[in-house]
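J.: My structure is stored as coords_13.txt, with compact mmCIF, C-alpha atoms.
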```txt
# COMPACT_ATOMS: atom_id res chain seq x y z
CA MET Z 143 87.03 90.95 129.05
CA THR Z 144 84.78 93.62 127.56
CA HIS Z 145 86.05 95.36 124.43
CA VAL Z 146 84.30 98.52 123.26
CA ALA Z 147 84.82 99.67 119.68
CA ILE Z 148 83.65 102.73 117.77
CA LEU Z 149 83.05 102.03 114.09
CA THR Z 150 82.27 104.71 111.51
CA GLY Z 151 80.64 103.91 108.19
CA ALA Z 152 79.03 100.90 109.86
CA SER Z 153 75.94 100.43 107.73
CA ARG Z 154 77.27 98.93 104.50
CA GLY Z 155 80.22 97.45 102.65
CA ILE Z 156 83.35 96.83 104.68
CA GLY Z 157 81.83 98.60 107.70
CA SER Z 158 78.82 96.32 107.80
CA SER Z 159 81.09 93.26 107.62
CA ILE Z 160 83.32 94.64 110.38
CA ALA Z 161 80.30 95.08 112.64
CA GLU Z 162 79.01 91.54 112.06
CA ILE Z 163 82.39 89.84 112.47
CA TYR Z 164 83.26 91.88 115.55
CA LEU Z 165 79.98 91.14 117.31
CA LYS Z 166 80.06 87.42 116.45
CA LYS Z 167 83.68 87.07 117.55
CA ASP Z 168 82.91 87.37 121.26
CA SER Z 169 79.64 87.92 123.09
CA SER Z 170 81.35 90.43 125.41
CA ASN Z 171 82.29 92.75 122.52
CA LYS Z 172 80.33 96.00 122.47
CA LEU Z 173 79.97 98.42 119.58
CA VAL Z 174 79.09 102.05 118.97
CA ALA Z 175 78.13 102.13 115.29
CA VAL Z 176 78.07 105.37 113.32
CA SER Z 177 76.40 106.02 109.96
CA ARG Z 178 73.97 108.28 108.16
CA SER Z 179 71.69 105.27 107.52
CA GLU Z 180 69.41 104.66 110.49
CA LYS Z 181 67.64 101.57 109.14
CA GLU Z 182 70.74 99.37 109.05
CA LEU Z 183 71.97 100.56 112.45
CA LYS Z 184 68.60 99.83 114.06
CA LYS Z 185 68.61 96.35 112.54
CA LEU Z 186 72.08 95.70 113.96
CA SER Z 187 71.05 96.86 117.43
CA GLU Z 188 67.87 94.77 117.34
CA GLU Z 189 69.77 91.67 116.26
CA TYR Z 190 72.51 91.85 118.91
CA GLY Z 191 70.68 93.83 121.60
CA SER Z 192 71.06 97.37 122.87
CA ASP Z 193 73.25 96.06 125.68
CA ARG Z 194 75.86 95.31 123.00
CA VAL Z 195 75.12 97.75 120.18
CA GLN Z 196 74.51 101.46 120.50
CA PHE Z 197 74.45 103.75 117.48
CA VAL Z 198 74.62 107.34 116.34
CA VAL Z 199 72.88 108.40 113.14
CA GLY Z 200 74.76 111.38 111.81
CA ASP Z 201 77.26 112.93 109.45
CA VAL Z 202 80.80 112.17 110.64
CA ALA Z 203 81.94 115.48 109.14
CA LYS Z 204 80.01 117.38 111.81
CA PRO Z 205 81.85 117.80 115.15
CA GLU Z 206 78.67 117.20 117.11
CA THR Z 207 78.56 113.66 115.75
CA SER Z 208 81.92 112.83 117.32
CA THR Z 209 80.77 114.41 120.58
CA LYS Z 210 77.63 112.25 120.59
CA VAL Z 211 79.66 109.11 119.86
CA LEU Z 212 82.07 109.72 122.71
CA LYS Z 213 79.30 110.55 125.17
CA LEU Z 214 77.25 107.49 124.19
CA ALA Z 215 80.23 105.12 124.45
CA ILE Z 216 81.10 106.24 127.96
CA GLU Z 217 77.52 106.51 129.24
CA LYS Z 218 76.47 103.08 127.96
CA PHE Z 219 79.69 101.05 128.03
CA GLY Z 220 82.07 102.94 130.31
CA GLN Z 221 85.17 102.79 128.11
CA ILE Z 222 86.63 102.92 124.60
CA ASN Z 223 89.17 100.33 123.49
CA SER Z 224 89.26 100.83 119.72
CA ILE Z 225 88.30 103.23 116.97
CA ILE Z 226 87.91 101.79 113.47
CA ALA Z 227 87.73 104.81 111.16
CA ASN Z 228 86.05 103.34 108.11
CA ALA Z 229 83.71 106.08 106.79
CA GLY Z 230 84.88 107.55 103.52
CA VAL Z 231 83.83 108.87 100.10
CA LEU Z 232 85.47 108.87 96.67
CA ASP Z 233 83.58 111.74 95.02
CA PRO Z 234 84.57 114.19 93.53
CA VAL Z 235 86.39 112.22 90.84
CA ASP Z 236 87.97 114.35 88.11
CA GLN Z 237 91.30 115.66 86.87
CA VAL Z 238 93.02 118.32 88.96
CA SER Z 239 92.66 120.79 86.08
CA LYS Z 240 88.88 120.52 86.59
CA ALA Z 241 88.95 120.32 90.38
CA ASP Z 242 85.87 121.29 92.33
CA VAL Z 243 87.74 122.76 95.27
CA ASP Z 244 84.65 122.97 97.46
CA GLY Z 245 84.03 119.32 96.65
CA TRP Z 246 87.59 118.50 97.72
CA ARG Z 247 86.97 120.30 101.02
CA GLY Z 248 83.80 118.29 101.57
CA LEU Z 249 85.64 115.03 100.88
CA PHE Z 250 88.44 115.99 103.29
CA ASP Z 251 85.86 116.80 105.95
CA ILE Z 252 84.64 113.19 105.78
CA ASN Z 253 87.81 111.24 104.96
CA PHE Z 254 90.26 113.19 107.10
CA PHE Z 255 88.99 115.91 109.44
CA ALA Z 256 86.20 113.70 110.82
CA VAL Z 257 88.84 111.17 111.89
CA VAL Z 258 91.01 113.87 113.45
CA ASP Z 259 88.02 115.19 115.37
CA LEU Z 260 86.86 111.79 116.64
CA VAL Z 261 90.34 110.67 117.65
CA GLN Z 262 91.17 113.98 119.34
CA GLN Z 263 88.02 113.82 121.43
CA CYS Z 264 88.55 110.17 122.37
CA ILE Z 265 92.27 110.33 123.22
CA PRO Z 266 91.72 110.72 127.00
CA GLU Z 267 89.58 107.57 127.05
CA LEU Z 268 91.94 105.62 124.79
CA ARG Z 269 94.85 106.48 127.08
CA LYS Z 270 93.00 104.86 129.99
CA THR Z 271 92.53 101.55 128.14
CA LYS Z 272 95.80 101.64 126.18
CA GLY Z 273 93.51 101.46 123.19
CA ASN Z 274 94.08 101.50 119.47
CA ILE Z 275 93.07 103.30 116.30
CA ILE Z 276 92.70 101.56 112.94
CA ALA Z 277 92.29 103.80 109.90
CA VAL Z 278 90.90 102.34 106.68
CA SER Z 279 93.27 103.77 104.10
CA SER Z 280 93.72 103.08 100.38
CA GLY Z 281 96.37 102.14 97.85
CA ALA Z 282 95.49 105.49 96.28
CA SER Z 283 97.34 107.14 99.18
CA THR Z 284 100.64 106.18 97.55
CA THR Z 285 99.64 105.52 93.92
CA ALA Z 286 98.10 108.00 91.49
CA TYR Z 287 94.79 106.98 89.91
CA ASN Z 288 93.51 109.28 87.21
CA GLY Z 289 90.85 111.60 88.62
CA TRP Z 290 91.35 110.43 92.22
CA GLY Z 291 93.41 113.39 93.41
CA ALA Z 292 91.03 114.35 96.23
CA TYR Z 293 90.57 110.82 97.53
CA GLY Z 294 94.24 109.86 97.31
CA ALA Z 295 95.39 113.07 98.99
CA SER Z 296 92.91 112.58 101.85
CA LYS Z 297 94.12 109.04 102.46
CA ALA Z 298 97.77 110.15 102.33
CA ALA Z 299 96.94 112.77 104.96
CA LEU Z 300 95.21 110.06 107.01
CA ASN Z 301 98.34 107.90 106.89
CA HIS Z 302 100.44 110.75 108.25
CA PHE Z 303 97.89 111.53 110.92
CA VAL Z 304 98.13 107.93 112.12
CA LEU Z 305 101.92 108.23 112.19
CA SER Z 306 101.64 111.41 114.24
CA VAL Z 307 99.28 109.85 116.80
CA ALA Z 308 101.52 106.81 117.18
CA SER Z 309 104.60 108.98 117.73
CA GLU Z 310 102.92 111.32 120.22
CA GLU Z 311 100.80 108.92 122.29
CA SER Z 312 102.84 106.28 124.14
CA ASP Z 313 99.72 104.59 125.52
CA ILE Z 314 97.77 104.47 122.25
CA SER Z 315 98.53 102.38 119.18
CA ALA Z 316 97.59 103.54 115.69
CA ILE Z 317 97.84 101.94 112.27
CA SER Z 318 96.61 102.63 108.75
CA VAL Z 319 95.70 99.69 106.49
CA ALA Z 320 94.49 99.63 102.89
CA PRO Z 321 91.83 96.95 102.31
CA GLY Z 322 92.63 96.13 98.69
CA VAL Z 323 90.06 96.36 95.90
CA VAL Z 324 86.84 95.23 97.55
CA ASP Z 325 83.45 94.32 96.10
CA THR Z 326 81.42 97.23 97.51
CA ASN Z 327 79.09 99.97 96.27
CA MET Z 328 82.15 102.17 95.75
CA GLN Z 329 83.43 99.79 93.08
CA ASN Z 330 80.03 99.79 91.40
CA ASP Z 331 80.10 103.59 91.38
CA ILE Z 332 83.59 103.59 89.86
CA ARG Z 333 82.47 101.37 86.99
CA ASN Z 334 79.11 103.01 86.33
CA LYS Z 335 79.42 106.64 87.41
CA PHE Z 336 82.87 107.96 88.24
CA GLY Z 337 84.55 106.21 85.32
CA ARG Z 338 83.37 108.88 82.92
CA ASN Z 339 85.83 111.29 84.55
CA MET Z 340 88.73 108.82 84.46
CA THR Z 341 90.89 107.80 81.49
CA LYS Z 342 89.95 104.51 79.82
CA ASP Z 343 93.22 102.92 80.95
CA SER Z 344 92.64 103.92 84.59
CA LEU Z 345 89.08 102.64 84.55
CA LYS Z 346 90.03 99.38 82.82
CA LYS Z 347 91.78 98.02 85.91
CA PHE Z 348 88.60 98.16 87.97
CA VAL Z 349 86.37 96.88 85.17
CA ASP Z 350 88.70 93.92 84.60
CA LEU Z 351 88.91 93.06 88.31
CA HIS Z 352 85.12 92.88 88.42
CA LYS Z 353 84.82 90.96 85.15
CA ASN Z 354 87.42 88.41 86.28
CA ASN Z 355 85.83 88.00 89.74
CA GLU Z 356 88.99 89.29 91.40
CA LEU Z 357 87.41 91.78 93.79
CA LEU Z 358 87.85 90.88 97.45
CA PRO Z 359 84.75 90.02 99.46
CA PRO Z 360 84.23 92.65 102.21
CA GLU Z 361 84.68 89.93 104.83
CA VAL Z 362 88.38 89.61 103.99
CA PRO Z 363 89.54 93.11 105.01
CA ALA Z 364 86.83 93.23 107.70
CA THR Z 365 88.37 90.20 109.40
CA CYS Z 366 91.75 91.92 109.36
CA TYR Z 367 90.40 95.12 110.91
CA VAL Z 368 88.52 93.24 113.63
CA ASN Z 369 91.56 91.17 114.60
CA LEU Z 370 93.72 94.28 114.73
CA ALA Z 371 91.21 96.00 116.99
CA LEU Z 372 90.90 93.04 119.37
CA ASN Z 373 94.49 91.79 119.41
CA GLY Z 374 96.61 94.88 118.81
CA TRP Z 375 99.90 94.74 116.91
CA ASP Z 376 103.64 94.70 117.31
CA LYS Z 377 105.46 97.97 117.94
CA THR Z 378 107.50 97.41 114.77
CA ILE Z 379 104.48 98.26 112.63
CA ASN Z 380 102.89 100.84 114.91
CA GLY Z 381 102.15 104.09 113.09
CA LYS Z 382 102.75 102.55 109.68
CA TYR Z 383 100.68 102.42 106.53
CA LEU Z 384 100.30 98.85 105.29
CA ARG Z 385 98.34 96.99 102.64
CA ILE Z 386 96.19 94.02 103.50
CA ASN Z 387 98.42 91.72 101.42
CA ASP Z 388 101.60 92.75 103.25
CA ASP Z 389 103.27 89.94 105.20
CA ALA Z 390 102.67 91.75 108.49
CA MET Z 391 98.91 91.48 107.94
CA LYS Z 392 98.79 87.72 107.28
CA PRO Z 393 98.21 86.76 110.94
CA TYR Z 394 95.17 89.06 111.06
CA LEU Z 395 93.37 87.49 108.11
CA GLN Z 396 92.43 84.29 109.96
```
Show me the file's structure as structure tokens.
T.:
Amino acid sequence: MTHVAILTGASRGIGSSIAEIYLKKDSSNKLVAVSRSEKELKKLSEEYGSDRVQFVVGDVAKPETSTKVLKLAIEKFGQINSIIANAGVLDPVDQVSKADVDGWRGLFDINFFAVVDLVQQCIPELRKTKGNIIAVSSGASTTAYNGWGAYGASKAALNHFVLSVASEESDISAISVAPGVVDTNMQNDIRNKFGRNMTKDSLKKFVDLHKNNELLPPEVPATCYVNLALNGWDKTINGKYLRINDDAMKPYLQ
């Protein structure tokens, strides 16, 4: 049976792994990939064929991007079964006393309002398929990391948004899952760029995880997100925020 997923932030890191695993999982799976990077999206479409992969190059923070995604999914594939909201940014990183409020607004536009916009526009289609929404959250949504006020607050808002959708939409499932500390460009930026605006103790955790080879490969959380999208989940965890190492996520890591 055909499954159509929308994936934001599809060109690198966890998003790139999600796309590859999802498309390899079943030849009937179809994907609408969204990113600002055209080169990687074109490569994905060429590898798997335009009959399986369509893409939108654009800024998720702009409402017209969500409109294009919805229109493309329905015109090319006829339905939407899943949204995997993966696009996100960490910057600005700094103490609240030095907050760049406009920078916070820009981060929220990407990490939070873009998801609200995409989901709101796609709800009528998701109702038809009894579809699902998977939000890529963060441990920072419930734990304070020095200088990460904007990022953590946006992910906390995302968790509550997921809870709201799950409580309001009886025919749509929604869940928010933190991927753990993953070996991506974001981690490289933390160590080499954003760390200067964090305390030494806060930065040390991420430096040590890298030095000790304890960062998760992107394929680990990507596998979890793909299995959630394709298989759904029990009502007991619907609307919840979970971490990838929670017991409820173990069946989705295979």
J.: When distances are computed from only C-alpha atoms, which of Z:Val238, Z:Val243, Z:Ala371, Z:Ala175 shows the smallest separation from Val211 in chain Z?
T.: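 Distance minimum relative to Val211 in chain Z lands on Z:Ala175.
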J.: For Asn301 in chain Z, please output as a PyMOL selection string all residues within 8 Å (counting only C-alpha atoms; exclusion window: fewer than 5 positions along the same chain).
T.: chain Z and resi 277+279+283+318+382-383
J.: Pull the neighbourhood of (100.2, 113.3, 114.1) for me: all residues within 12 Å in file coordinates, counting only C-alpha atoms, as a VMD selection string.
T.: chain Z and resid 257 to 258 261 to 262 299 to 311 316 to 317 381 to 382
J.: Give me, as a list in words, all polymer residues having an atom no more than 6 Å from range 189-196 of chain Z, counting all atoms listed in the file and skipping those fewer than 6 positions away in the same chain.
T.: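 Residues meeting the cut-off are Lys172, Leu173 and Val174 of chain Z.
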J.: Keeping only C-alpha atoms, write the selected residues to a file as a tab-separated table (two decimals), in the frame of the given file.
T.:
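Listed below is the output, out-v7.tsv:
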```tsv
chain	number	residue	atom	x	y	z
Z	172	LYS	CA	80.33	96.00	122.47
Z	173	LEU	CA	79.97	98.42	119.58
Z	174	VAL	CA	79.09	102.05	118.97
```
J.: Got a sec: who's within 9 Å of Tyr293 in chain Z, counting all atoms listed in the file, leaving out chain neighbours fewer than 4 positions off, as a short mmCIF file (atom, residue, chain, number, x, y, z; two decimals) with C-alpha atoms, in the frame of the given file?
T.:
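Writing done, so here's selection.cif:
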```
data_model
loop_
_atom_site.label_atom_id
_atom_site.label_comp_id
_atom_site.auth_asym_id
_atom_site.auth_seq_id
_atom_site.Cartn_x
_atom_site.Cartn_y
_atom_site.Cartn_z
CA GLY Z 230 84.88 107.55 103.52
CA VAL Z 231 83.83 108.87 100.10
CA LEU Z 232 85.47 108.87 96.67
CA ASP Z 233 83.58 111.74 95.02
CA PRO Z 234 84.57 114.19 93.53
CA VAL Z 235 86.39 112.22 90.84
CA TRP Z 246 87.59 118.50 97.72
CA LEU Z 249 85.64 115.03 100.88
CA PHE Z 250 88.44 115.99 103.29
CA ASN Z 253 87.81 111.24 104.96
CA SER Z 280 93.72 103.08 100.38
CA ALA Z 282 95.49 105.49 96.28
CA SER Z 283 97.34 107.14 99.18
CA GLY Z 289 90.85 111.60 88.62
CA LYS Z 297 94.12 109.04 102.46
CA ALA Z 298 97.77 110.15 102.33
#
```
J.: Work out how far apart CA of Asp350 in chain Z and CA of Gly337 in chain Z are and give it in Å to one decimal.
T.: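 So the two atoms, CA of Asp350 in chain Z and CA of Gly337 in chain Z, lie 13.0 Å apart.
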J.: So, counting all atoms listed in the file, which residue among Z:Ser177, Z:Pro266, Z:Ala256, Z:Thr341 is closest to Ile216 in chain Z?
T.: Z:Pro266
J.: Within 6 Å of range 225-228 of chain Z, counting all atoms listed in the file, which residues show up once you throw out same-chain ones fewer than 5 positions away? Write them as an mmCIF file with C-alpha atoms, in the coordinates of the input, please.
T.:
```
data_model
loop_
_atom_site.group_PDB
_atom_site.id
_atom_site.type_symbol
_atom_site.label_atom_id
_atom_site.label_comp_id
_atom_site.auth_asym_id
_atom_site.auth_seq_id
_atom_site.Cartn_x
_atom_site.Cartn_y
_atom_site.Cartn_z
ATOM 1 C CA ALA Z 147 84.820 99.670 119.680
ATOM 2 C CA ILE Z 148 83.650 102.730 117.770
ATOM 3 C CA LEU Z 149 83.050 102.030 114.090
ATOM 4 C CA THR Z 150 82.270 104.710 111.510
ATOM 5 C CA GLY Z 151 80.640 103.910 108.190
ATOM 6 C CA ILE Z 275 93.070 103.300 116.300
ATOM 7 C CA ILE Z 276 92.700 101.560 112.940
ATOM 8 C CA ALA Z 277 92.290 103.800 109.900
ATOM 9 C CA VAL Z 278 90.900 102.340 106.680
#
```
J.: Just checking: using only C-alpha atoms, which residue out of Z:Ser224, Z:Arg338, Z:Ile156, Z:Ala292 ends up closest to Val324 in chain Z?
T.: Z:Ile156
J.: Which residue out of Z:Cys366, Z:Ala152, Z:Ala161, Z:Ala286 has the minimum interatomic distance to Ser344 in chain Z when only C-alpha atoms are used?
T.: Z:Ala286
J.: Can you work out which one of Z:Asp259, Z:Asp242, Z:Glu361, Z:Glu188 has the shortest atom-to-atom distance to Leu212 in chain Z, counting all atoms listed in the file?
T.: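 Nearest to Leu212 in chain Z: Z:Asp259.
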J.: Would you work out the distance separating CA of His145 in chain Z from CA of Asn171 in chain Z, expressed in Å to one decimal?
T.: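 Spanning CA of His145 in chain Z to CA of Asn171 in chain Z is a straight-line distance of 5.0 Å.
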J.: With 6 Å added on each side, what axis-aligned box encloses every listed atom of range 227-231 of chain Z? Give the centre and edge lengths in Å to one decimal, as AutoDock Vina command-line options.
T.:
```
--center_x 85.7 --center_y 106.1 --center_z 105.6 --size_x 16.0 --size_y 17.5 --size_z 23.1
```
J.: May I ask which of the residues Z:Arg178, Z:His352, Z:Lys240, Z:Lys184 is the closest one to Gly291 in chain Z, counting all atoms listed in the file?
T.: Z:Lys240
J.: Near Lys353 in chain Z, within 12 Å and counting only C-alpha atoms, which residues show up once chain neighbours fewer than 6 positions away are dropped, as a list in words?
T.: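 Contacts, in chain order: Asp325, Gln329, Asn330, Arg333, Lys346 and Lys347 of chain Z.
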